[in-house]
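Here's model09.csv, which has CSV, C-alpha atoms and all ligand atoms:
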chain,number,residue,atom,x,y,z
X,1,MET,CA,-40.4,-52.0,-30.3
X,2,HIS,CA,-39.9,-54.2,-27.2
X,3,ILE,CA,-39.0,-52.3,-24.0
X,4,PRO,CA,-37.0,-54.7,-21.8
X,5,VAL,CA,-38.7,-55.2,-18.4
X,6,LEU,CA,-37.0,-54.8,-15.0
X,7,TYR,CA,-33.9,-53.7,-16.9
X,8,ASP,CA,-31.8,-52.2,-14.2
X,9,ALA,CA,-32.7,-54.8,-11.6
X,10,THR,CA,-31.9,-57.6,-14.0
X,11,LEU,CA,-28.5,-56.2,-14.9
X,12,ALA,CA,-27.7,-55.6,-11.2
X,13,ALA,CA,-28.8,-59.2,-10.4
X,14,LEU,CA,-26.3,-60.6,-12.9
X,15,ASN,CA,-23.4,-58.9,-11.1
X,16,LEU,CA,-21.7,-58.2,-14.5
X,17,ARG,CA,-17.9,-58.5,-14.6
X,18,PRO,CA,-15.5,-56.9,-17.2
X,19,ALA,CA,-14.4,-60.3,-18.7
X,20,GLY,CA,-17.4,-62.5,-17.7
X,21,ARG,CA,-19.1,-65.0,-19.9
X,22,TYR,CA,-22.9,-64.7,-20.1
X,23,ILE,CA,-25.8,-66.5,-21.7
X,24,ASP,CA,-29.1,-64.7,-22.6
X,25,GLY,CA,-31.4,-67.6,-23.3
X,26,THR,CA,-34.2,-65.4,-24.5
X,27,LEU,CA,-32.5,-62.8,-26.7
X,28,GLY,CA,-35.7,-61.2,-28.1
X,29,TRP,CA,-35.0,-57.8,-29.6
X,30,GLY,CA,-31.7,-57.7,-27.7
X,31,GLY,CA,-32.6,-55.1,-25.0
X,32,HIS,CA,-31.2,-57.0,-22.0
X,33,SER,CA,-28.4,-58.4,-24.1
X,34,SER,CA,-27.1,-55.0,-25.1
X,35,GLY,CA,-27.1,-54.1,-21.4
X,36,ILE,CA,-25.1,-57.2,-20.5
X,37,LEU,CA,-22.6,-56.4,-23.2
X,38,ALA,CA,-22.3,-52.8,-22.1
X,39,GLY,CA,-22.0,-53.8,-18.5
X,40,SER,CA,-19.4,-56.5,-19.0
X,41,GLY,CA,-17.1,-54.5,-21.2
X,42,PRO,CA,-14.5,-54.3,-22.5
X,43,ALA,CA,-14.0,-58.1,-22.7
X,44,GLY,CA,-17.2,-59.7,-21.5
X,45,GLN,CA,-18.6,-62.4,-23.9
X,46,LEU,CA,-22.3,-63.1,-24.5
X,47,LEU,CA,-23.9,-66.1,-26.1
X,48,ALA,CA,-27.5,-65.1,-27.0
X,49,ILE,CA,-30.2,-67.7,-27.9
X,50,ASP,CA,-33.6,-67.3,-29.4
X,51,GLN,CA,-35.9,-69.8,-31.1
X,52,ASP,CA,-37.4,-67.1,-33.3
X,53,PRO,CA,-35.4,-66.3,-36.4
X,54,MET,CA,-37.2,-62.9,-36.6
X,55,ALA,CA,-35.9,-61.9,-33.2
X,56,LEU,CA,-32.4,-63.0,-34.1
X,57,ALA,CA,-32.4,-60.9,-37.2
X,58,ALA,CA,-33.5,-57.8,-35.3
X,59,ALA,CA,-31.1,-58.3,-32.5
X,60,ARG,CA,-28.2,-59.0,-34.9
X,61,GLU,CA,-28.5,-55.5,-36.2
X,62,ARG,CA,-28.9,-54.0,-32.8
X,63,LEU,CA,-25.9,-55.7,-31.3
X,64,ALA,CA,-23.6,-55.4,-34.4
X,65,SER,CA,-21.3,-52.8,-32.8
X,66,TYR,CA,-20.2,-55.4,-30.1
X,67,GLY,CA,-18.5,-57.4,-32.8
X,68,GLU,CA,-17.0,-60.7,-31.7
X,69,ARG,CA,-18.0,-60.2,-28.1
X,70,VAL,CA,-21.5,-61.5,-29.0
X,71,THR,CA,-22.5,-64.8,-30.6
X,72,LEU,CA,-26.2,-65.3,-31.6
X,73,MET,CA,-27.6,-68.8,-31.9
X,74,HIS,CA,-31.0,-70.1,-33.2
X,75,GLY,CA,-32.3,-72.7,-30.7
X,76,ASN,CA,-34.3,-73.4,-27.7
X,77,TYR,CA,-32.9,-72.4,-24.3
X,78,ARG,CA,-33.8,-75.9,-23.0
X,79,GLN,CA,-30.8,-77.0,-25.1
X,80,MET,CA,-28.6,-74.4,-23.5
X,81,ALA,CA,-26.0,-77.0,-22.4
X,82,SER,CA,-25.3,-78.3,-25.9
X,83,LEU,CA,-25.5,-74.8,-27.5
X,84,ALA,CA,-22.9,-73.6,-24.9
X,85,ALA,CA,-20.7,-76.7,-25.6
X,86,GLN,CA,-20.9,-76.0,-29.3
X,87,HIS,CA,-19.6,-72.5,-28.5
X,88,GLY,CA,-16.8,-74.1,-26.4
X,89,TRP,CA,-18.2,-73.1,-23.0
X,90,GLN,CA,-18.5,-75.5,-20.1
X,91,GLN,CA,-19.2,-72.9,-17.4
X,92,VAL,CA,-20.6,-69.3,-17.4
X,93,ASP,CA,-20.8,-66.4,-15.0
X,94,GLY,CA,-24.4,-65.5,-15.5
X,95,ILE,CA,-27.6,-66.6,-17.3
X,96,LEU,CA,-30.7,-64.7,-18.0
X,97,LEU,CA,-34.1,-66.1,-19.0
X,98,ASP,CA,-36.8,-63.5,-19.8
X,99,ILE,CA,-39.5,-65.9,-20.8
X,100,GLY,CA,-42.7,-65.7,-22.8
X,101,VAL,CA,-43.4,-63.7,-26.0
X,102,SER,CA,-42.1,-60.3,-26.9
X,103,SER,CA,-44.2,-57.3,-27.9
X,104,PRO,CA,-43.2,-57.5,-31.6
X,105,GLN,CA,-44.2,-61.1,-31.7
X,106,LEU,CA,-47.6,-60.3,-30.2
X,107,ASP,CA,-48.0,-57.3,-32.5
X,108,LEU,CA,-47.3,-59.0,-35.8
X,109,PRO,CA,-50.6,-60.3,-37.0
X,110,GLU,CA,-49.1,-63.1,-39.1
X,111,ARG,CA,-47.6,-64.7,-36.0
X,112,GLY,CA,-51.2,-65.6,-34.9
X,113,PHE,CA,-50.6,-64.9,-31.2
X,114,SER,CA,-53.3,-62.2,-30.8
X,115,PHE,CA,-57.0,-62.1,-31.1
X,116,GLN,CA,-56.7,-58.3,-31.9
X,117,TYR,CA,-56.0,-59.2,-35.5
X,118,ASP,CA,-57.4,-61.8,-37.9
X,119,ALA,CA,-54.5,-64.1,-39.0
X,120,PRO,CA,-53.7,-67.8,-39.4
X,121,LEU,CA,-53.8,-69.4,-36.0
X,122,ASP,CA,-50.1,-70.2,-35.6
X,123,MET,CA,-48.5,-69.1,-32.3
X,124,ARG,CA,-45.2,-70.9,-32.8
X,125,MET,CA,-42.2,-68.9,-31.5
X,126,ASN,CA,-40.1,-71.1,-33.7
X,127,PRO,CA,-42.1,-71.2,-37.0
X,128,THR,CA,-39.5,-73.6,-38.5
X,129,GLN,CA,-40.7,-76.5,-36.5
X,130,GLY,CA,-43.6,-78.1,-34.5
X,131,GLU,CA,-47.3,-77.9,-34.5
X,132,SER,CA,-49.3,-74.7,-34.9
X,133,ALA,CA,-52.2,-73.8,-32.7
X,134,ALA,CA,-54.6,-74.7,-35.5
X,135,ASP,CA,-53.0,-78.2,-35.8
X,136,LEU,CA,-53.1,-78.6,-32.0
X,137,ILE,CA,-56.8,-77.7,-31.9
X,138,ALA,CA,-57.5,-80.1,-34.7
X,139,ARG,CA,-55.7,-82.9,-33.0
X,140,LEU,CA,-56.6,-82.9,-29.3
X,141,ASN,CA,-59.7,-84.6,-28.1
X,142,GLU,CA,-62.3,-82.6,-26.1
X,143,THR,CA,-61.0,-83.7,-22.6
X,144,ASP,CA,-57.4,-82.9,-23.5
X,145,LEU,CA,-58.4,-79.5,-25.0
X,146,ALA,CA,-60.3,-78.7,-21.8
X,147,ASN,CA,-57.3,-79.7,-19.7
X,148,VAL,CA,-54.9,-77.5,-21.7
X,149,ILE,CA,-57.3,-74.5,-21.4
X,150,TYR,CA,-57.8,-75.1,-17.7
X,151,GLU,CA,-54.2,-75.8,-16.7
X,152,TYR,CA,-52.4,-73.3,-18.8
X,153,GLY,CA,-55.1,-70.6,-19.0
X,154,GLU,CA,-56.5,-71.1,-15.6
X,155,GLU,CA,-59.8,-70.8,-17.4
X,156,ARG,CA,-62.8,-72.0,-15.3
X,157,LEU,CA,-65.0,-72.4,-18.3
X,158,SER,CA,-62.6,-74.6,-20.1
X,159,ARG,CA,-65.0,-77.5,-20.6
X,160,ARG,CA,-67.6,-75.3,-22.2
X,161,ILE,CA,-65.0,-73.8,-24.6
X,162,ALA,CA,-63.6,-77.2,-25.5
X,163,ARG,CA,-67.1,-78.5,-26.3
X,164,ARG,CA,-67.7,-75.5,-28.6
X,165,ILE,CA,-64.4,-76.0,-30.3
X,166,VAL,CA,-65.1,-79.6,-31.0
X,167,GLU,CA,-68.7,-78.8,-32.3
X,168,GLN,CA,-67.3,-76.1,-34.6
X,169,ARG,CA,-64.4,-78.1,-36.0
X,170,ALA,CA,-66.7,-80.9,-37.0
X,171,LYS,CA,-68.3,-78.3,-39.4
X,172,ASN,CA,-65.3,-76.3,-40.4
X,173,PRO,CA,-61.6,-76.5,-39.4
X,174,ILE,CA,-60.6,-73.7,-37.0
X,175,THR,CA,-57.7,-72.0,-38.7
X,176,SER,CA,-57.8,-68.3,-37.8
X,177,THR,CA,-57.4,-66.2,-34.7
X,178,ALA,CA,-60.7,-64.3,-35.4
X,179,GLN,CA,-62.6,-67.6,-35.7
X,180,LEU,CA,-61.2,-68.9,-32.4
X,181,ALA,CA,-61.8,-65.6,-30.6
X,182,SER,CA,-65.5,-65.4,-31.7
X,183,LEU,CA,-66.1,-69.0,-31.0
X,184,VAL,CA,-64.8,-68.5,-27.4
X,185,ARG,CA,-66.9,-65.4,-27.0
X,186,SER,CA,-70.0,-67.3,-28.2
X,187,ALA,CA,-69.2,-70.1,-25.7
X,188,VAL,CA,-68.7,-68.0,-22.6
X,189,GLY,CA,-70.2,-64.6,-23.3
X,190,GLY,CA,-68.2,-61.5,-22.1
X,191,GLN,CA,-68.9,-58.0,-21.1
X,192,ALA,CA,-67.9,-55.0,-23.1
X,193,GLY,CA,-65.0,-53.1,-21.6
X,194,LYS,CA,-63.7,-56.2,-19.7
X,195,THR,CA,-60.8,-58.4,-20.7
X,196,HIS,CA,-61.6,-60.2,-23.9
X,197,PRO,CA,-63.1,-63.6,-23.0
X,198,ALA,CA,-60.6,-65.4,-25.3
X,199,THR,CA,-57.5,-64.0,-23.4
X,200,ARG,CA,-57.0,-67.1,-21.2
X,201,THR,CA,-57.7,-69.5,-24.0
X,202,PHE,CA,-55.1,-67.8,-26.3
X,203,GLN,CA,-52.6,-67.8,-23.4
X,204,ALA,CA,-53.2,-71.5,-22.8
X,205,LEU,CA,-52.8,-72.5,-26.5
X,206,ARG,CA,-49.6,-70.4,-26.8
X,207,ILE,CA,-48.1,-72.1,-23.7
X,208,ALA,CA,-49.0,-75.6,-25.1
X,209,VAL,CA,-47.9,-74.9,-28.7
X,210,ASN,CA,-44.4,-73.8,-27.5
X,211,ASP,CA,-44.2,-76.2,-24.5
X,212,GLU,CA,-43.3,-73.2,-22.5
X,213,LEU,CA,-43.4,-74.8,-19.1
X,214,GLY,CA,-41.4,-77.9,-20.2
X,215,ALA,CA,-38.8,-75.6,-21.7
X,216,LEU,CA,-38.6,-73.6,-18.4
X,217,ARG,CA,-38.1,-76.7,-16.3
X,218,GLU,CA,-35.4,-78.1,-18.5
X,219,GLY,CA,-33.8,-74.6,-19.0
X,220,LEU,CA,-33.6,-74.1,-15.2
X,221,ALA,CA,-31.9,-77.5,-14.7
X,222,ALA,CA,-29.4,-76.8,-17.6
X,223,ALA,CA,-28.7,-73.3,-16.4
X,224,THR,CA,-28.0,-74.4,-12.9
X,225,LYS,CA,-25.4,-76.9,-14.1
X,226,LEU,CA,-23.7,-74.4,-16.4
X,227,LEU,CA,-23.1,-71.8,-13.8
X,228,ALA,CA,-19.6,-71.4,-12.4
X,229,PRO,CA,-19.3,-71.0,-8.6
X,230,GLY,CA,-20.6,-67.5,-7.8
X,231,GLY,CA,-22.4,-67.3,-11.1
X,232,ARG,CA,-25.9,-65.8,-11.2
X,233,LEU,CA,-29.2,-67.0,-12.6
X,234,ALA,CA,-31.9,-64.3,-13.2
X,235,VAL,CA,-35.3,-65.4,-14.4
X,236,ILE,CA,-38.2,-63.1,-15.4
X,237,THR,CA,-41.7,-64.5,-15.6
X,238,PHE,CA,-45.0,-63.1,-16.6
X,239,HIS,CA,-47.6,-65.3,-14.9
X,240,SER,CA,-48.1,-67.3,-11.8
X,241,LEU,CA,-47.6,-70.8,-13.4
X,242,GLU,CA,-44.1,-69.9,-14.5
X,243,ASP,CA,-43.2,-68.0,-11.4
X,244,ARG,CA,-44.2,-71.0,-9.2
X,245,ILE,CA,-41.9,-73.3,-11.3
X,246,VAL,CA,-38.9,-70.8,-10.8
X,247,LYS,CA,-39.6,-70.2,-7.1
X,248,GLU,CA,-39.8,-74.0,-6.4
X,249,TRP,CA,-36.8,-74.8,-8.4
X,250,MET,CA,-34.6,-72.2,-6.7
X,251,ARG,CA,-36.0,-73.2,-3.3
X,252,ASP,CA,-35.4,-76.9,-3.9
X,253,GLN,CA,-31.9,-76.4,-5.2
X,254,ALA,CA,-31.1,-74.3,-2.2
X,255,SER,CA,-32.3,-76.6,0.5
X,256,GLU,CA,-30.2,-79.2,2.2
X,257,CYS,CA,-32.7,-82.0,2.2
X,258,LEU,CA,-36.3,-82.3,1.1
X,259,ILE,CA,-37.0,-85.6,2.7
X,260,PRO,CA,-39.7,-85.5,5.4
X,261,ALA,CA,-38.1,-87.4,8.3
X,262,LYS,CA,-41.3,-89.3,9.3
X,263,LEU,CA,-41.6,-91.3,6.0
X,264,GLU,CA,-40.1,-94.7,5.8
X,265,ILE,CA,-39.6,-94.8,2.1
X,266,LEU,CA,-38.5,-91.6,0.6
X,267,ALA,CA,-38.3,-90.2,-2.9
X,268,CYS,CA,-36.1,-87.2,-2.8
X,269,PRO,CA,-37.2,-84.6,-5.4
X,270,HIS,CA,-33.6,-83.4,-5.6
X,271,SER,CA,-32.5,-86.6,-7.3
X,272,CYS,CA,-34.9,-86.1,-10.3
X,273,ALA,CA,-33.4,-82.9,-11.4
X,274,ALA,CA,-31.1,-84.4,-13.9
X,275,LYS,CA,-33.6,-86.8,-15.4
X,276,THR,CA,-36.9,-86.5,-17.2
X,277,GLY,CA,-38.9,-88.3,-14.6
X,278,PRO,CA,-38.5,-88.9,-10.9
X,279,ARG,CA,-35.8,-91.4,-10.1
X,280,ALA,CA,-36.8,-93.3,-7.0
X,281,CYS,CA,-34.0,-92.5,-4.7
X,282,ILE,CA,-34.8,-94.4,-1.5
X,283,TYR,CA,-33.5,-93.6,1.9
X,284,PRO,CA,-34.2,-95.5,5.1
X,285,VAL,CA,-35.5,-93.4,8.0
X,286,GLY,CA,-32.7,-91.7,9.9
X,287,ARG,CA,-30.3,-91.6,6.9
X,288,ASP,CA,-29.4,-88.1,5.7
X,289,CYS,CA,-30.1,-87.2,2.2
X,290,ASP,CA,-26.7,-87.0,0.4
X,291,TYR,CA,-27.8,-84.2,-1.9
X,292,VAL,CA,-25.5,-81.2,-2.1
X,293,PRO,CA,-27.4,-77.9,-2.5
X,294,THR,CA,-26.4,-76.0,-5.6
X,295,LEU,CA,-27.9,-72.5,-5.3
X,296,ASP,CA,-28.4,-69.7,-2.9
X,297,VAL,CA,-31.6,-67.8,-3.4
X,298,LEU,CA,-30.8,-64.0,-3.5
X,299,SER,CA,-34.4,-62.9,-3.9
X,300,ARG,CA,-36.6,-64.2,-1.1
X,301,LYS,CA,-39.5,-62.2,-2.7
X,302,PRO,CA,-39.7,-61.6,-6.4
X,303,ILE,CA,-38.5,-58.3,-7.7
X,304,GLU,CA,-41.3,-56.3,-9.4
X,305,ALA,CA,-41.5,-53.1,-11.5
X,306,THR,CA,-41.5,-49.8,-9.8
X,307,PRO,CA,-44.4,-47.3,-10.3
X,308,GLU,CA,-42.2,-45.3,-12.7
X,309,GLU,CA,-41.5,-48.4,-14.8
X,310,LEU,CA,-45.1,-49.3,-14.9
X,311,LYS,CA,-46.0,-45.9,-16.2
X,312,ALA,CA,-43.5,-46.2,-19.0
X,313,ASN,CA,-44.2,-49.8,-19.8
X,314,PRO,CA,-47.6,-51.3,-18.6
X,315,ARG,CA,-46.5,-54.7,-19.9
X,316,ALA,CA,-44.1,-54.9,-16.9
X,317,ARG,CA,-47.2,-55.2,-14.6
X,318,SER,CA,-47.0,-58.9,-14.2
X,319,ALA,CA,-43.2,-59.3,-14.5
X,320,LYS,CA,-41.4,-61.0,-11.6
X,321,LEU,CA,-37.7,-61.4,-11.4
X,322,ARG,CA,-36.1,-64.1,-9.2
X,323,VAL,CA,-32.4,-64.4,-8.7
X,324,ALA,CA,-30.1,-67.2,-7.4
X,325,GLU,CA,-26.3,-67.7,-7.1
X,326,ARG,CA,-24.4,-70.9,-7.7
X,327,ARG,CA,-22.8,-72.0,-4.4
X,328,LEU,CA,-19.1,-71.5,-4.1
X,329,THR,CA,-18.0,-74.6,-2.3
X,330,THR,CA,-20.2,-77.4,-3.5
X,331,ALA,CA,-20.2,-79.8,-6.5
X,332,LEU,CA,-23.3,-80.8,-8.3
X,333,ALA,CA,-24.7,-84.2,-7.3
X,334,PRO,CA,-23.6,-86.7,-10.0
X,335,GLU,CA,-26.1,-87.9,-12.5
X,336,THR,CA,-26.7,-91.6,-12.3
H,1,LIG,C1,-39.9,-61.5,-23.5
H,1,LIG,S1,-38.9,-61.7,-24.9
H,1,LIG,C2,-37.3,-61.3,-24.4
H,1,LIG,C3,-37.0,-59.9,-24.6
H,1,LIG,C4,-35.5,-59.5,-24.4
H,1,LIG,N1,-35.1,-59.8,-23.0
H,1,LIG,C5,-35.3,-58.1,-24.8
H,1,LIG,O1,-34.8,-57.3,-24.0
H,1,LIG,O2,-35.5,-57.8,-26.0
H,1,LIG,C6,-38.8,-63.5,-25.0
H,1,LIG,C7,-38.0,-64.0,-26.2
H,1,LIG,O3,-37.7,-65.3,-25.8
H,1,LIG,C8,-37.9,-66.2,-26.9
H,1,LIG,N2,-38.1,-67.5,-26.3
H,1,LIG,C9,-39.2,-67.8,-25.5
H,1,LIG,N3,-39.0,-69.1,-25.1
H,1,LIG,C10,-37.9,-69.5,-25.7
H,1,LIG,C11,-37.2,-70.8,-25.6
H,1,LIG,N4,-37.7,-71.8,-25.0
H,1,LIG,N5,-36.0,-70.9,-26.2
H,1,LIG,C12,-35.5,-69.8,-26.9
H,1,LIG,N6,-36.1,-68.6,-27.0
H,1,LIG,C13,-37.3,-68.5,-26.4
H,1,LIG,C14,-39.0,-65.6,-27.7
H,1,LIG,O4,-39.0,-66.0,-29.0
H,1,LIG,C15,-38.8,-64.1,-27.5
H,1,LIG,O5,-38.1,-63.5,-28.5

In structure tokens, what does this structure look like?
Amino acid sequence: MHIPVLYDATLAALNLRPAGRYIDGTLGWGGHSSGILAGSGPAGQLLAIDQDPMALAAARERLASYGERVTLMHGNYRQMASLAAQHGWQQVDGILLDIGVSSPQLDLPERGFSFQYDAPLDMRMNPTQGESAADLIARLNETDLANVIYEYGEERLSRRIARRIVEQRAKNPITSTAQLASLVRSAVGGQAGKTHPATRTFQALRIAVNDELGALREGLAAATKLLAPGGRLAVITFHSLEDRIVKEWMRDQASECLIPAKLEILACPHSCAAKTGPRACIYPVGRDCDYVPTLDVLSRKPIEATPEELKANPRARSAKLRVAERRLTTALAPET
């Protein structure tokens, strides 16, 4: 069973209204979604998205009593704009992203997320598409493997682990969680009673397999555009890489101008929001950036679990909630 984290704070952050329209981009087992439906009754509408068919099936049952007030869609929240359009929505009053994996996903051996069980090394949240962790490990060269493990796992011994993986896969393909866990342990050692030495490597591969950071960046951009004036964006993250992306996105969208005045040629980060790569938006010195801020940040510091919540749900330990509100009077900068 998945206990929703920061439940009360998240529902309060969304500022639910009786006939509001909401998107839950990470439905999971439907804990937050059922709170959104209860809090936006009697006429609030929810579009709930998950890329995992298993999560959708579990939540469908849990949310059945809300009838037509809720629509479930299989998909990636990075495609939130087109999913909302399919549903006939151009604007919404609140969006929730509670990212990462859920406890049931971690706890089901056959999903291959965990080194606690021996299972095929899969790790895809959407098992209907993309490359499994075993395929990724078989494909990447040693340098790229080390970079993934270093960047997404913040693992200092990434090069040693990558070297061991490459040596081992030359003898036998690495296809199971137990194989990978013992290989990492043999590469880096590990003391009894401490965190398993493969924890960071598993996290890194999971993030890479699911392109979690790419989805987050695109999801934040899509969500910001979909919000109606006064609409709220609430994002829960579980590690520092994700939290930094959310913090910087909200800060950038809330600031008037990011151009350092002393530079002669300026590339304003604001103007890349709509595109995949930076669009060189060049301003001469002294000219103001014409970007119009889109968000107000409501949580200067991230909201974290109280000691009571931590006692009931230790998984909330690393959860951070950040909240922003779509500005009332401004229009989004046009995409060019
Ligand atoms: C932490 S759980 C959400 C739990 C949920 N808030 C609840 O109360 O039950 C994260 C869920 O988001 C889904 N997910 C993660 N990244 C996603 C993405 N990019 N698009 C769609 N779903 C995603 C996962 O499959 C998982 O079911």

Exercise answer, 9 Å around ligand LIG 1 (chain H) with only C-alpha atoms and all ligand atoms, as number ranges by chain: X: 1-5, 7, 24-35, 49-56, 59, 74-80, 96-105, 124-126, 210-216, 219, 236-238

Kindly save the residues from that selection, with C-alpha atoms included, as a short mmCIF file (atom, residue, chain, number, x, y, z; two decimals), keeping the file's coordinate frame.
data_model
loop_
_atom_site.label_atom_id
_atom_site.label_comp_id
_atom_site.auth_asym_id
_atom_site.auth_seq_id
_atom_site.Cartn_x
_atom_site.Cartn_y
_atom_site.Cartn_z
CA MET X 1 -40.40 -52.00 -30.30
CA HIS X 2 -39.90 -54.20 -27.20
CA ILE X 3 -39.00 -52.30 -24.00
CA PRO X 4 -37.00 -54.70 -21.80
CA VAL X 5 -38.70 -55.20 -18.40
CA TYR X 7 -33.90 -53.70 -16.90
CA ASP X 24 -29.10 -64.70 -22.60
CA GLY X 25 -31.40 -67.60 -23.30
CA THR X 26 -34.20 -65.40 -24.50
CA LEU X 27 -32.50 -62.80 -26.70
CA GLY X 28 -35.70 -61.20 -28.10
CA TRP X 29 -35.00 -57.80 -29.60
CA GLY X 30 -31.70 -57.70 -27.70
CA GLY X 31 -32.60 -55.10 -25.00
CA HIS X 32 -31.20 -57.00 -22.00
CA SER X 33 -28.40 -58.40 -24.10
CA SER X 34 -27.10 -55.00 -25.10
CA GLY X 35 -27.10 -54.10 -21.40
CA ILE X 49 -30.20 -67.70 -27.90
CA ASP X 50 -33.60 -67.30 -29.40
CA GLN X 51 -35.90 -69.80 -31.10
CA ASP X 52 -37.40 -67.10 -33.30
CA PRO X 53 -35.40 -66.30 -36.40
CA MET X 54 -37.20 -62.90 -36.60
CA ALA X 55 -35.90 -61.90 -33.20
CA LEU X 56 -32.40 -63.00 -34.10
CA ALA X 59 -31.10 -58.30 -32.50
CA HIS X 74 -31.00 -70.10 -33.20
CA GLY X 75 -32.30 -72.70 -30.70
CA ASN X 76 -34.30 -73.40 -27.70
CA TYR X 77 -32.90 -72.40 -24.30
CA ARG X 78 -33.80 -75.90 -23.00
CA GLN X 79 -30.80 -77.00 -25.10
CA MET X 80 -28.60 -74.40 -23.50
CA LEU X 96 -30.70 -64.70 -18.00
CA LEU X 97 -34.10 -66.10 -19.00
CA ASP X 98 -36.80 -63.50 -19.80
CA ILE X 99 -39.50 -65.90 -20.80
CA GLY X 100 -42.70 -65.70 -22.80
CA VAL X 101 -43.40 -63.70 -26.00
CA SER X 102 -42.10 -60.30 -26.90
CA SER X 103 -44.20 -57.30 -27.90
CA PRO X 104 -43.20 -57.50 -31.60
CA GLN X 105 -44.20 -61.10 -31.70
CA ARG X 124 -45.20 -70.90 -32.80
CA MET X 125 -42.20 -68.90 -31.50
CA ASN X 126 -40.10 -71.10 -33.70
CA ASN X 210 -44.40 -73.80 -27.50
CA ASP X 211 -44.20 -76.20 -24.50
CA GLU X 212 -43.30 -73.20 -22.50
CA LEU X 213 -43.40 -74.80 -19.10
CA GLY X 214 -41.40 -77.90 -20.20
CA ALA X 215 -38.80 -75.60 -21.70
CA LEU X 216 -38.60 -73.60 -18.40
CA GLY X 219 -33.80 -74.60 -19.00
CA ILE X 236 -38.20 -63.10 -15.40
CA THR X 237 -41.70 -64.50 -15.60
CA PHE X 238 -45.00 -63.10 -16.60
#

Counting all atoms listed in the file, which residues of range 62-152 of chain X sit at most 9 Å from some atom of range 184-207 of chain X, and what is each one's closest atom pair with its distance in Å to one decimal, listed by chain and rising residue number, as JSON lines?
{"residue": "X:Gly100", "atom": "CA", "partner": "X:Ile207", "partner_atom": "CA", "distance": 8.4}
{"residue": "X:Phe113", "atom": "CA", "partner": "X:Arg206", "partner_atom": "CA", "distance": 7.1}
{"residue": "X:Ser114", "atom": "CA", "partner": "X:Phe202", "partner_atom": "CA", "distance": 7.4}
{"residue": "X:Phe115", "atom": "CA", "partner": "X:Ala198", "partner_atom": "CA", "distance": 7.6}
{"residue": "X:Asp122", "atom": "CA", "partner": "X:Arg206", "partner_atom": "CA", "distance": 8.8}
{"residue": "X:Met123", "atom": "CA", "partner": "X:Arg206", "partner_atom": "CA", "distance": 5.8}
{"residue": "X:Arg124", "atom": "CA", "partner": "X:Arg206", "partner_atom": "CA", "distance": 7.5}
{"residue": "X:Met125", "atom": "CA", "partner": "X:Arg206", "partner_atom": "CA", "distance": 8.9}
{"residue": "X:Ala133", "atom": "CA", "partner": "X:Leu205", "partner_atom": "CA", "distance": 6.4}
{"residue": "X:Leu136", "atom": "CA", "partner": "X:Leu205", "partner_atom": "CA", "distance": 8.2}
{"residue": "X:Ile137", "atom": "CA", "partner": "X:Leu205", "partner_atom": "CA", "distance": 8.5}
{"residue": "X:Val148", "atom": "CA", "partner": "X:Ala204", "partner_atom": "CA", "distance": 6.3}
{"residue": "X:Ile149", "atom": "CA", "partner": "X:Ala204", "partner_atom": "CA", "distance": 5.3}
{"residue": "X:Tyr150", "atom": "CA", "partner": "X:Ala204", "partner_atom": "CA", "distance": 7.8}
{"residue": "X:Glu151", "atom": "CA", "partner": "X:Ala204", "partner_atom": "CA", "distance": 7.5}
{"residue": "X:Tyr152", "atom": "CA", "partner": "X:Ala204", "partner_atom": "CA", "distance": 4.5}

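Of the residues listed (X:Thr306, X:Thr294, X:Ser255, X:Asn141), X:Thr306 shows the shortest atom-to-atom separation from Ala319 in chain X; distances use only C-alpha atoms.
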
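Put simply, CA of Ala208 in chain X is 27.8 Å away from CA of Lys301 in chain X.
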
Selection: 8 Å around Arg322 in chain X, all atoms listed in the file, excl. self and same-chain fewer than 2 positions, as a count of residues only: 12

Close residues, Asn147 in chain X itself excluded, 9 Å, only C-alpha atoms, min 4 positions apart in chain, as number ranges by chain: X: 142-143, 151-152, 158-159, 162

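Of the residues listed (X:Ala178, X:Met73, X:Ile165, X:Ala305), X:Ala178 shows the shortest atom-to-atom separation from Pro120 in chain X; distances use all atoms listed in the file.
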
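With CA of Gln45 in chain X on one side and CA of Asp296 in chain X on the other, the separation reads 24.3 Å.
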
Polymer residues at most 10 Å from Thr175 in chain X, all atoms listed in the file, same-chain spacing of 4 or more positions, as a count of residues only: 14

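Proximity to Asn15 in chain X was assessed for X:Ile36, X:Ala228, X:Leu47, X:Leu145 counting only C-alpha atoms; the smallest distance is recorded for X:Ile36.
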
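As for CA of Leu183 in chain X and CA of Thr128 in chain X, they are spaced 28.0 Å apart.
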
As a PDB file with C-alpha atoms, keeping the file's coordinate frame, please: the residues near Gly39 in chain X (cut-off 9 Å, all atoms listed in the file, same-chain neighbours under 2 positions excluded).
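The resulting part05.pdb:
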ATOM      1  CA  LEU X  11     -28.500 -56.200 -14.900  1.00  0.00           C
ATOM      2  CA  LEU X  16     -21.700 -58.200 -14.500  1.00  0.00           C
ATOM      3  CA  ARG X  17     -17.900 -58.500 -14.600  1.00  0.00           C
ATOM      4  CA  PRO X  18     -15.500 -56.900 -17.200  1.00  0.00           C
ATOM      5  CA  SER X  34     -27.100 -55.000 -25.100  1.00  0.00           C
ATOM      6  CA  GLY X  35     -27.100 -54.100 -21.400  1.00  0.00           C
ATOM      7  CA  ILE X  36     -25.100 -57.200 -20.500  1.00  0.00           C
ATOM      8  CA  LEU X  37     -22.600 -56.400 -23.200  1.00  0.00           C
ATOM      9  CA  GLY X  41     -17.100 -54.500 -21.200  1.00  0.00           C
ATOM     10  CA  PRO X  42     -14.500 -54.300 -22.500  1.00  0.00           C
ATOM     11  CA  GLY X  44     -17.200 -59.700 -21.500  1.00  0.00           C
TER      12      GLY X  44
END
